[in-house]
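**Student:** This is the content of final.tsv (TSV, C-alpha atoms):
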chain	number	residue	atom	x	y	z
Q	1	MET	CA	57.52	-49.18	-108.82
Q	2	LEU	CA	55.72	-46.62	-110.96
Q	3	PHE	CA	52.09	-46.22	-109.87
Q	4	ASN	CA	51.47	-48.65	-107.05
Q	5	SER	CA	48.40	-50.55	-108.28
Q	6	THR	CA	48.30	-53.00	-105.38
Q	7	CYS	CA	46.15	-50.68	-103.26
Q	8	GLU	CA	42.40	-50.89	-103.47
Q	9	ALA	CA	42.15	-47.09	-103.67
Q	10	PHE	CA	44.20	-47.12	-106.87
Q	11	TYR	CA	41.08	-48.11	-108.80
Q	12	LYS	CA	38.96	-45.38	-107.24
Q	13	PRO	CA	38.02	-42.32	-109.33
Q	14	VAL	CA	39.83	-39.04	-108.71
Q	15	SER	CA	36.67	-37.61	-107.18
Q	16	PHE	CA	37.00	-40.16	-104.35
Q	17	PHE	CA	40.22	-38.54	-103.12
Q	18	TYR	CA	38.77	-35.04	-103.48
Q	19	ASN	CA	35.75	-36.04	-101.38
Q	20	ILE	CA	37.74	-37.57	-98.51
Q	21	THR	CA	40.03	-34.52	-98.28
Q	22	GLY	CA	37.16	-32.05	-98.49
Q	23	LYS	CA	38.30	-30.33	-101.69
Q	24	PRO	CA	35.22	-29.32	-103.73
Q	25	ILE	CA	34.90	-30.85	-107.17
Q	26	SER	CA	31.94	-30.33	-109.46
Q	27	PRO	CA	30.95	-31.30	-112.99
Q	28	ASN	CA	29.58	-27.78	-113.46
Q	29	TRP	CA	31.59	-24.64	-114.16
Q	30	ARG	CA	31.78	-22.24	-111.23
Q	31	THR	CA	32.88	-18.62	-111.06
Q	32	HIS	CA	36.11	-19.77	-109.46
Q	33	ASP	CA	36.86	-22.03	-112.44
Q	34	PHE	CA	36.19	-19.30	-115.00
Q	35	ILE	CA	38.52	-16.90	-113.17
Q	36	VAL	CA	41.35	-19.46	-113.03
Q	37	VAL	CA	41.04	-20.35	-116.71
Q	38	GLY	CA	40.56	-16.71	-117.71
Q	39	LEU	CA	43.74	-15.68	-115.88
Q	40	GLY	CA	45.71	-18.78	-116.82
Q	41	LEU	CA	45.27	-18.77	-120.60
Q	42	PRO	CA	46.70	-15.30	-121.40
Q	43	ILE	CA	49.52	-15.80	-118.90
Q	44	CYS	CA	50.45	-19.11	-120.57
Q	45	VAL	CA	50.45	-17.52	-124.02
Q	46	PHE	CA	52.71	-14.66	-122.89
Q	47	ILE	CA	55.05	-17.07	-121.09
Q	48	ILE	CA	55.42	-19.27	-124.15
Q	49	LEU	CA	55.96	-16.40	-126.60
Q	50	ALA	CA	58.34	-14.42	-124.38
Q	51	ASN	CA	60.57	-17.38	-123.60
Q	52	MET	CA	60.59	-18.61	-127.19
Q	53	LEU	CA	61.83	-15.15	-128.15
Q	54	VAL	CA	64.64	-15.37	-125.59
Q	55	ILE	CA	65.72	-18.83	-126.79
Q	56	VAL	CA	65.76	-17.82	-130.48
Q	57	ALA	CA	67.69	-14.64	-129.68
Q	58	ILE	CA	70.39	-16.57	-127.80
Q	59	ILE	CA	70.69	-19.10	-130.63
Q	60	ILE	CA	71.04	-16.65	-133.52
Q	61	ASN	CA	73.27	-14.03	-131.86
Q	62	ARG	CA	76.87	-15.16	-131.29
Q	63	LYS	CA	77.37	-12.42	-128.72
Q	64	PHE	CA	75.27	-14.55	-126.39
Q	65	HIS	CA	77.33	-17.71	-126.77
Q	66	PHE	CA	78.74	-17.50	-123.24
Q	67	PRO	CA	78.00	-19.57	-120.09
Q	68	ILE	CA	75.71	-16.99	-118.46
Q	69	TYR	CA	73.57	-16.78	-121.59
Q	70	TYR	CA	73.46	-20.58	-121.88
Q	71	LEU	CA	72.06	-20.64	-118.34
Q	72	LEU	CA	69.58	-17.91	-119.23
Q	73	GLY	CA	68.58	-19.88	-122.31
Q	74	ASN	CA	68.09	-22.97	-120.18
Q	75	MET	CA	65.99	-20.98	-117.74
Q	76	ALA	CA	63.92	-19.72	-120.65
Q	77	ALA	CA	63.47	-23.34	-121.74
Q	78	ALA	CA	62.33	-24.24	-118.20
Q	79	ASP	CA	59.92	-21.31	-118.17
Q	80	LEU	CA	58.68	-22.28	-121.63
Q	81	PHE	CA	58.07	-25.79	-120.30
Q	82	ALA	CA	56.26	-24.24	-117.32
Q	83	GLY	CA	53.98	-22.31	-119.67
Q	84	ILE	CA	53.17	-25.45	-121.66
Q	85	SER	CA	52.63	-27.49	-118.48
Q	86	TYR	CA	50.31	-24.91	-117.02
Q	87	LEU	CA	48.43	-24.68	-120.31
Q	88	TYR	CA	47.91	-28.44	-120.06
Q	89	LEU	CA	46.72	-27.96	-116.47
Q	90	VAL	CA	44.26	-25.23	-117.49
Q	91	PHE	CA	42.55	-27.65	-119.88
Q	92	HIS	CA	42.50	-30.41	-117.25
Q	93	THR	CA	41.21	-28.48	-114.27
Q	94	GLY	CA	37.79	-27.58	-112.87
Q	95	PRO	CA	35.02	-29.88	-114.15
Q	96	TRP	CA	37.53	-31.63	-116.42
Q	97	THR	CA	39.30	-33.03	-113.35
Q	98	ILE	CA	36.48	-35.51	-112.72
Q	99	GLY	CA	37.20	-37.28	-115.99
Q	100	LEU	CA	40.89	-37.85	-115.20
Q	101	THR	CA	42.27	-41.23	-114.23
Q	102	ILE	CA	44.75	-41.47	-111.36
Q	103	LYS	CA	47.61	-41.86	-113.83
Q	104	GLU	CA	46.52	-38.80	-115.79
Q	105	TRP	CA	46.23	-36.81	-112.54
Q	106	PHE	CA	49.79	-37.76	-111.56
Q	107	ILE	CA	51.07	-36.87	-115.04
Q	108	ARG	CA	49.43	-33.45	-114.72
Q	109	GLY	CA	51.07	-32.92	-111.34
Q	110	ALA	CA	54.45	-34.22	-112.54
Q	111	LEU	CA	54.56	-31.70	-115.40
Q	112	ILE	CA	53.89	-28.80	-113.02
Q	113	ASN	CA	56.42	-30.06	-110.44
Q	114	MET	CA	59.16	-30.58	-113.04
Q	115	SER	CA	58.69	-27.21	-114.71
Q	116	LEU	CA	58.54	-25.19	-111.50
Q	117	THR	CA	61.49	-27.08	-109.98
Q	118	ALA	CA	63.59	-26.53	-113.11
Q	119	SER	CA	62.79	-22.81	-113.02
Q	120	VAL	CA	63.76	-22.44	-109.35
Q	121	VAL	CA	66.99	-24.46	-109.69
Q	122	ASN	CA	67.92	-22.40	-112.75
Q	123	LEU	CA	67.45	-19.20	-110.77
Q	124	LEU	CA	69.78	-20.61	-108.12
Q	125	ALA	CA	72.37	-21.61	-110.75
Q	126	VAL	CA	72.29	-18.11	-112.27
Q	127	ALA	CA	72.80	-16.58	-108.81
Q	128	VAL	CA	75.85	-18.77	-108.18
Q	129	GLU	CA	77.24	-17.95	-111.64
Q	130	ARG	CA	76.83	-14.22	-110.99
Q	131	HIS	CA	78.66	-14.63	-107.69
Q	132	GLN	CA	81.60	-16.33	-109.38
Q	133	THR	CA	81.70	-13.81	-112.23
Q	134	ILE	CA	81.66	-10.70	-110.05
Q	135	PHE	CA	84.19	-11.92	-107.50
Q	136	THR	CA	86.64	-12.87	-110.26
Q	137	MET	CA	86.03	-9.49	-111.95
Q	138	GLN	CA	85.28	-11.10	-115.30
Q	139	LEU	CA	82.86	-9.89	-117.97
Q	140	HIS	CA	81.88	-13.50	-118.55
Q	141	SER	CA	82.06	-16.62	-116.45
Q	142	THR	CA	85.20	-18.74	-116.73
Q	143	MET	CA	83.13	-21.93	-116.77
Q	144	THR	CA	83.81	-24.17	-119.74
Q	145	ARG	CA	81.04	-25.26	-122.07
Q	146	ARG	CA	81.38	-28.78	-120.74
Q	147	ARG	CA	80.69	-27.63	-117.18
Q	148	VAL	CA	77.74	-25.57	-118.33
Q	149	VAL	CA	76.28	-28.58	-120.15
Q	150	MET	CA	76.79	-30.75	-117.07
Q	151	LEU	CA	75.12	-28.11	-114.91
Q	152	ILE	CA	72.16	-27.89	-117.26
Q	153	VAL	CA	71.80	-31.69	-117.34
Q	154	THR	CA	71.94	-31.77	-113.53
Q	155	ILE	CA	69.22	-29.12	-113.31
Q	156	TRP	CA	66.88	-31.17	-115.46
Q	157	LEU	CA	67.70	-34.41	-113.64
Q	158	VAL	CA	66.72	-32.77	-110.35
Q	159	ALA	CA	63.52	-31.47	-111.94
Q	160	VAL	CA	62.60	-34.87	-113.37
Q	161	VAL	CA	63.25	-36.64	-110.08
Q	162	MET	CA	61.14	-34.14	-108.12
Q	163	GLY	CA	58.38	-34.50	-110.68
Q	164	LEU	CA	58.34	-38.30	-110.66
Q	165	VAL	CA	58.81	-38.90	-106.91
Q	166	PRO	CA	55.06	-38.79	-106.14
Q	167	THR	CA	54.27	-41.26	-108.92
Q	168	MET	CA	56.92	-43.66	-107.63
Q	169	GLY	CA	55.30	-44.13	-104.24
Q	170	TRP	CA	55.51	-40.89	-102.26
Q	171	ASN	CA	51.76	-40.35	-102.41
Q	172	CYS	CA	48.71	-41.10	-100.31
Q	173	VAL	CA	46.98	-43.65	-102.55
Q	174	CYS	CA	47.85	-46.47	-100.14
Q	175	ASP	CA	47.53	-44.33	-96.98
Q	176	LEU	CA	44.48	-42.11	-97.26
Q	177	SER	CA	45.07	-40.58	-93.83
Q	178	THR	CA	48.11	-38.70	-95.17
Q	179	CYS	CA	46.34	-37.09	-98.15
Q	180	CYS	CA	46.62	-33.30	-98.30
Q	181	THR	CA	43.92	-30.87	-99.34
Q	182	VAL	CA	45.55	-28.80	-102.08
Q	183	ALA	CA	46.65	-31.86	-104.08
Q	184	PRO	CA	44.42	-34.70	-102.80
Q	185	LEU	CA	46.59	-37.54	-104.16
Q	186	TYR	CA	49.85	-36.19	-102.70
Q	187	SER	CA	50.96	-36.97	-99.19
Q	188	ARG	CA	51.44	-34.12	-96.74
Q	189	SER	CA	55.05	-35.13	-96.13
Q	190	PHE	CA	55.87	-34.64	-99.82
Q	191	LEU	CA	54.31	-31.18	-99.86
Q	192	VAL	CA	56.26	-30.14	-96.77
Q	193	SER	CA	59.53	-31.46	-98.24
Q	194	TRP	CA	58.96	-29.79	-101.61
Q	195	ALA	CA	58.09	-26.46	-100.00
Q	196	ILE	CA	61.10	-26.59	-97.64
Q	197	LEU	CA	63.51	-27.40	-100.48
Q	198	ASN	CA	62.27	-24.45	-102.51
Q	199	LEU	CA	62.44	-22.15	-99.50
Q	200	MET	CA	66.01	-23.32	-98.93
Q	201	ALA	CA	66.84	-22.44	-102.53
Q	202	PHE	CA	65.35	-19.02	-101.91
Q	203	PHE	CA	67.41	-18.42	-98.76
Q	204	ILE	CA	70.57	-19.53	-100.58
Q	205	MET	CA	69.83	-17.01	-103.32
Q	206	VAL	CA	69.28	-14.30	-100.72
Q	207	ALA	CA	72.63	-15.17	-99.10
Q	208	VAL	CA	74.45	-15.18	-102.46
Q	209	TYR	CA	73.02	-11.87	-103.66
Q	210	THR	CA	73.52	-10.28	-100.25
Q	211	HIS	CA	77.18	-11.27	-100.37
Q	212	ILE	CA	77.46	-9.81	-103.85
Q	213	PHE	CA	75.65	-6.65	-102.74
Q	214	ILE	CA	78.01	-6.11	-99.80
Q	215	TYR	CA	81.04	-6.67	-102.03
Q	216	VAL	CA	79.78	-4.26	-104.71
Q	217	ARG	CA	78.95	-1.66	-102.06
Q	218	ARG	CA	82.49	-1.81	-100.71
Q	219	ARG	CA	83.93	-1.67	-104.20
Q	220	SER	CA	81.69	1.28	-105.06
Q	221	ARG	CA	84.22	3.53	-103.32
Q	222	VAL	CA	86.49	2.99	-106.30
Q	223	MET	CA	83.72	2.33	-108.82
Q	224	SER	CA	81.18	4.57	-110.45
Q	225	PRO	CA	78.15	5.32	-108.24
Q	226	PHE	CA	76.01	4.34	-111.20
Q	227	PHE	CA	77.47	0.84	-111.06
Q	228	PHE	CA	76.40	0.46	-107.42
Q	229	PHE	CA	72.88	1.76	-107.94
Q	230	PHE	CA	72.53	-0.36	-111.07
Q	231	PHE	CA	73.30	-3.49	-109.11
Q	232	PHE	CA	71.08	-2.40	-106.19
Q	233	PHE	CA	68.19	-2.00	-108.63
Q	234	PHE	CA	68.84	-5.45	-110.14
Q	235	PHE	CA	69.21	-7.04	-106.69
Q	236	THR	CA	65.94	-5.57	-105.43
Q	237	MET	CA	63.96	-6.31	-108.57
Q	238	HIS	CA	65.14	-9.91	-108.78
Q	239	LEU	CA	64.45	-10.83	-105.16
Q	240	CYS	CA	61.15	-8.95	-105.02
Q	241	ALA	CA	59.91	-10.79	-108.11
Q	242	PHE	CA	60.88	-14.14	-106.63
Q	243	VAL	CA	59.35	-13.37	-103.22
Q	244	ILE	CA	56.10	-12.01	-104.66
Q	245	CYS	CA	55.61	-14.87	-107.11
Q	246	TRP	CA	56.78	-17.83	-105.05
Q	247	THR	CA	56.36	-17.18	-101.34
Q	248	PRO	CA	52.52	-17.28	-101.22
Q	249	GLY	CA	52.38	-20.66	-102.97
Q	250	LEU	CA	55.15	-22.18	-100.86
Q	251	VAL	CA	53.47	-20.98	-97.67
Q	252	ILE	CA	50.15	-22.48	-98.79
Q	253	LEU	CA	51.82	-25.85	-99.49
Q	254	LEU	CA	53.65	-25.76	-96.17
Q	255	LEU	CA	50.49	-24.93	-94.20
Q	256	ASP	CA	48.53	-27.66	-95.98
Q	257	GLY	CA	51.32	-30.17	-95.37
Q	258	LEU	CA	51.29	-29.27	-91.68
Q	259	SER	CA	47.51	-29.93	-91.54
Q	260	CYS	CA	46.49	-26.36	-90.78
Q	261	SER	CA	42.71	-26.82	-90.83
Q	262	GLN	CA	41.95	-23.15	-90.12
Q	263	CYS	CA	44.20	-21.66	-92.83
Q	264	GLN	CA	41.66	-21.85	-95.68
Q	265	VAL	CA	44.30	-23.00	-98.14
Q	266	LEU	CA	41.72	-23.88	-100.79
Q	267	LYS	CA	40.58	-20.27	-100.95
Q	268	TYR	CA	43.94	-19.10	-102.29
Q	269	GLU	CA	45.75	-22.12	-103.76
Q	270	LYS	CA	44.69	-21.61	-107.40
Q	271	TYR	CA	45.65	-17.95	-107.36
Q	272	CYS	CA	48.99	-18.78	-105.74
Q	273	LEU	CA	49.72	-21.24	-108.54
Q	274	VAL	CA	48.92	-18.60	-111.16
Q	275	LEU	CA	51.21	-16.18	-109.29
Q	276	ALA	CA	54.03	-18.74	-109.27
Q	277	GLU	CA	53.60	-19.17	-113.02
Q	278	CYS	CA	53.91	-15.41	-113.43
Q	279	ASN	CA	57.55	-15.76	-112.36
Q	280	SER	CA	58.15	-17.60	-115.64
Q	281	LEU	CA	56.90	-14.47	-117.41
Q	282	VAL	CA	58.87	-12.04	-115.24
Q	283	ASN	CA	62.17	-13.93	-115.64
Q	284	PRO	CA	62.77	-13.05	-119.31
Q	285	ILE	CA	61.93	-9.41	-118.56
Q	286	ILE	CA	64.40	-9.17	-115.68
Q	287	TYR	CA	67.25	-11.13	-117.25
Q	288	SER	CA	66.93	-10.29	-120.92
Q	289	PHE	CA	64.76	-7.34	-121.83
Q	290	ARG	CA	67.13	-4.92	-120.04
Q	291	ASP	CA	70.05	-5.97	-122.24
Q	292	GLU	CA	70.44	-3.61	-125.20
Q	293	ASP	CA	71.96	-6.28	-127.43
Q	294	MET	CA	69.10	-8.61	-126.51
Q	295	ARG	CA	66.50	-5.96	-127.30
Q	296	ASN	CA	68.10	-5.28	-130.68
Q	297	THR	CA	68.08	-9.00	-131.41
Q	298	TYR	CA	64.37	-9.09	-130.55
Q	299	LYS	CA	63.77	-6.32	-133.09
Q	300	ARG	CA	65.58	-8.33	-135.75
Q	301	ILE	CA	63.43	-11.38	-135.01
Q	302	LEU	CA	60.08	-9.58	-134.75
Q	303	CYS	CA	60.70	-7.34	-137.76
Q	304	PHE	CA	62.14	-10.07	-139.98
Q	305	PRO	CA	58.96	-10.57	-142.10
Q	306	TRP	CA	58.63	-6.83	-142.74
Q	307	ARG	CA	62.31	-6.51	-143.58
Q	308	ARG	CA	61.97	-9.30	-146.12
Q	309	MET	CA	59.01	-7.58	-147.75
Q	310	ARG	CA	60.74	-4.18	-147.82
Q	311	GLN	CA	63.70	-5.73	-149.65
Q	312	HIS	CA	61.40	-6.58	-152.55
Q	313	GLU	CA	58.87	-3.75	-152.47
Q	314	GLY	CA	59.16	0.01	-152.67
Q	315	PRO	CA	57.08	2.49	-150.66
Q	316	SER	CA	54.37	2.48	-153.36
Q	317	GLY	CA	54.17	-1.29	-153.37
Q	318	ILE	CA	56.20	-1.64	-156.60
Q	319	ARG	CA	58.44	-4.68	-156.40
Q	320	PHE	CA	62.20	-4.11	-156.74
Q	321	LYS	CA	65.22	-6.35	-156.78
Q	322	PRO	CA	67.07	-6.88	-153.50
Q	323	VAL	CA	69.43	-4.06	-152.54
Q	324	LYS	CA	73.06	-4.88	-153.22
Q	325	ALA	CA	75.76	-4.87	-150.59
Q	326	GLY	CA	77.08	-1.42	-149.81
Q	327	ALA	CA	73.75	0.34	-150.28
Q	328	PRO	CA	72.65	2.55	-147.39
Q	329	SER	CA	70.34	0.80	-144.97
Q	330	GLU	CA	67.00	2.17	-143.86
Q	331	LYS	CA	66.96	4.04	-140.60
Q	332	ASN	CA	64.15	2.47	-138.69
Q	333	SER	CA	63.74	0.42	-135.56
Q	334	CYS	CA	63.57	-2.84	-137.46
Q	335	ASN	CA	66.92	-2.33	-139.17
Q	336	SER	CA	68.89	-0.51	-136.48
Q	337	THR	CA	70.79	-3.13	-134.54
Q	338	SER	CA	73.66	-2.14	-132.30
Q	339	LEU	CA	76.96	-3.77	-133.13
Q	340	GLU	CA	78.73	-2.37	-130.10
Q	341	PRO	CA	79.75	-4.83	-127.40
Q	342	SER	CA	77.66	-5.03	-124.27
Q	343	SER	CA	78.67	-2.85	-121.37
Q	344	PRO	CA	80.20	-4.51	-118.32
Q	345	GLN	CA	77.03	-3.84	-116.34
Q	346	SER	CA	74.96	-5.54	-119.02
Q	347	LEU	CA	77.22	-8.55	-119.21
Q	348	LEU	CA	77.40	-8.97	-115.46
Q	349	PHE	CA	73.79	-8.33	-114.57
Q	350	SER	CA	71.75	-8.81	-117.73
Would you encode the structure as structure tokens?

**Tutor:**
Amino acid sequence: MLFNSTCEAFYKPVSFFYNITGKPISPNWRTHDFIVVGLGLPICVFIILANMLVIVAIIINRKFHFPIYYLLGNMAAADLFAGISYLYLVFHTGPWTIGLTIKEWFIRGALINMSLTASVVNLLAVAVERHQTIFTMQLHSTMTRRRVVMLIVTIWLVAVVMGLVPTMGWNCVCDLSTCCTVAPLYSRSFLVSWAILNLMAFFIMVAVYTHIFIYVRRRSRVMSPFFFFFFFFFFTMHLCAFVICWTPGLVILLLDGLSCSQCQVLKYEKYCLVLAECNSLVNPIIYSFRDEDMRNTYKRILCFPWRRMRQHEGPSGIRFKPVKAGAPSEKNSCNSTSLEPSSPQSLLFS
């Protein structure tokens, strides 16, 4: 049953749960609140814009109509959703939290859980796809579009389930003794389970990329040394980004779920959440911005308004008719788009 309203505590204000768990809540703005909002807003804006750019680029460029790019597009959609969810959280945190109802608090938490879960599961799916692609020595995955669609649907189903589980009863509203400190309406058992599942996804990714790394290292005897170092760079950058962004938050949740009273989880939990959100900003940089074709597509998108104006105006501002086909194109960054196919390294590791 969604939102168990049979408990007496269900009709208590949100501040009641914060008070019994010892998490400070105030109607006044504190330095801590200003820092969180000040860091959160620009990060959200960059996340939304960067991932929108990735999605548009994949849609308009047919070179990207392959399974790996569909997964990258889906990950960009998950990261875009994460940016929107965190933006919603920013405007419903601090002193604004007091005015939330229990249902609104659970909705806020569900959005964050769904977006972060979708992002992590997408990262895992991309790792598995890379493993299959490299070991079959293909430039692109042999997965059919139907399988990719099914995989994407599965990713979002998992995310939705993980987001809605607390609202469907796995919370502490009816058992106040199990309330955690970081999220006062969530039960400690849910936090431990969520943290362990994400850590498991991380260890699976480490195992997958380590297997790929060992294989590429062995194959480097017959491959170009550049190929090996290129992959080593990608491997290190990807795992370091995931570890830096996610591990602190998962450790905080795990410690809170295990009732570590001396760990001072409240001192770091907001910053850990901001750091986890940063992974949604780093993802498009790691997976897309290193691809030459992707960068050229970005130039086409970002320079489109200026290109339209330059088709109708001369350098002096005098308006001309559009240039006919066959006329020489302008040599500038907004009009120079590579038509060469992506290199194998780009297709495998972009």

**Student:** Counting all atoms listed in the file, which residues have an atom no more than 10 Å from (56.1, -18.2, -120.6) in the file's coordinates? Please list them as number ranges by chain.

**Tutor:** Q: 42-53, 76-84, 86, 277-284

**Student:** Between atom CA of Tyr215 of chain Q and atom CA of Phe135 of chain Q, what distance in Å does the model show, to one decimal?

**Tutor:**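 About the pair atom CA of Tyr215 of chain Q and atom CA of Phe135 of chain Q: they are 8.2 Å apart.
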
**Student:** Could you tell me which of Q:Ile212, Q:Leu116, Q:Ala127, Q:Leu71 comes closest to Met150 of chain Q if we count all atoms listed in the file?

**Tutor:** Q:Leu71

**Student:** Find the distance between atom CA of Leu41 of chain Q and atom CA of Leu87 of chain Q and write it in Å to one decimal.

**Tutor:** 6.7 Å

**Student:** Leaving out Leu89 of chain Q and any residue of its chain fewer than 6 positions from it, which residues lie within 9 Å of it when counting only C-alpha atoms, given as number ranges by chain?

**Tutor:** Q: 108-109, 111-112

**Student:** Which residue is closest to Ser259 of chain Q? Choose from Q:Thr178, Q:Thr154, Q:Trp170, Q:Ile68 and count only C-alpha atoms.

**Tutor:**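 Ranking Q:Thr178, Q:Thr154, Q:Trp170, Q:Ile68 by distance to Ser259 of chain Q, first place goes to Q:Thr178.
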
**Student:** Would you mind telling me which residue in Q:Phe91, Q:Gly22, Q:Val165, Q:Asn198 lies nearest to Pro184 of chain Q when using only C-alpha atoms?

**Tutor:**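 Smallest distance to Pro184 of chain Q is found for Q:Gly22.
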
**Student:** Return the padded bounding box of segment 7-26 of chain Q as JSON: axis-aligned, built from all atoms listed in the file, 5 Å added on each side, with centre and edge lengths in Å to one decimal.

**Tutor:**
{"center_x": 39.0, "center_y": -40.1, "center_z": -103.9, "size_x": 24.2, "size_y": 31.6, "size_z": 21.2}

**Student:** Put segment 47-54 of chain Q into a file with all heavy atoms, as a tab-separated table (two decimals), in the first residue's frame.

**Tutor:**
chain	number	residue	atom	x	y	z
Q	47	ILE	N	24.77	20.18	-15.26
Q	47	ILE	CA	24.34	18.81	-15.52
Q	47	ILE	C	23.24	18.78	-16.57
Q	47	ILE	O	23.28	18.00	-17.53
Q	47	ILE	CB	23.86	18.15	-14.22
Q	47	ILE	CG1	25.04	17.86	-13.29
Q	47	ILE	CG2	23.11	16.84	-14.52
Q	47	ILE	CD1	24.62	17.34	-11.92
Q	48	ILE	N	22.26	19.65	-16.41
Q	48	ILE	CA	21.12	19.67	-17.33
Q	48	ILE	C	21.56	20.06	-18.74
Q	48	ILE	O	21.21	19.40	-19.73
Q	48	ILE	CB	20.04	20.63	-16.80
Q	48	ILE	CG1	19.42	20.07	-15.52
Q	48	ILE	CG2	18.96	20.86	-17.85
Q	48	ILE	CD1	18.49	21.04	-14.81
Q	49	LEU	N	22.37	21.11	-18.85
Q	49	LEU	CA	22.80	21.58	-20.17
Q	49	LEU	C	23.72	20.58	-20.86
Q	49	LEU	O	23.56	20.29	-22.05
Q	49	LEU	CB	23.50	22.93	-20.03
Q	49	LEU	CG	22.64	24.11	-19.57
Q	49	LEU	CD1	23.48	25.37	-19.46
Q	49	LEU	CD2	21.47	24.34	-20.52
Q	50	ALA	N	24.68	20.02	-20.11
Q	50	ALA	CA	25.64	19.09	-20.72
Q	50	ALA	C	24.95	17.84	-21.22
Q	50	ALA	O	25.23	17.36	-22.33
Q	50	ALA	CB	26.72	18.73	-19.70
Q	51	ASN	N	24.03	17.30	-20.44
Q	51	ASN	CA	23.37	16.06	-20.85
Q	51	ASN	C	22.31	16.29	-21.92
Q	51	ASN	O	22.07	15.40	-22.75
Q	51	ASN	CB	22.76	15.38	-19.62
Q	51	ASN	CG	23.81	14.74	-18.73
Q	51	ASN	OD1	24.37	13.70	-19.05
Q	51	ASN	ND2	24.10	15.37	-17.61
Q	52	MET	N	21.69	17.47	-21.94
Q	52	MET	CA	20.81	17.80	-23.06
Q	52	MET	C	21.59	17.86	-24.35
Q	52	MET	O	21.12	17.41	-25.41
Q	52	MET	CB	20.10	19.14	-22.79
Q	52	MET	CG	18.98	19.07	-21.78
Q	52	MET	SD	18.19	20.68	-21.52
Q	52	MET	CE	17.52	20.99	-23.16
Q	53	LEU	N	22.80	18.39	-24.28
Q	53	LEU	CA	23.66	18.47	-25.47
Q	53	LEU	C	24.00	17.08	-25.99
Q	53	LEU	O	23.99	16.84	-27.21
Q	53	LEU	CB	24.93	19.25	-25.12
Q	53	LEU	CG	25.83	19.69	-26.27
Q	53	LEU	CD1	25.08	20.63	-27.21
Q	53	LEU	CD2	27.08	20.37	-25.73
Q	54	VAL	N	24.31	16.17	-25.07
Q	54	VAL	CA	24.63	14.80	-25.47
Q	54	VAL	C	23.43	14.14	-26.15
Q	54	VAL	O	23.57	13.50	-27.21
Q	54	VAL	CB	25.08	13.97	-24.25
Q	54	VAL	CG1	25.26	12.50	-24.64
Q	54	VAL	CG2	26.37	14.52	-23.67
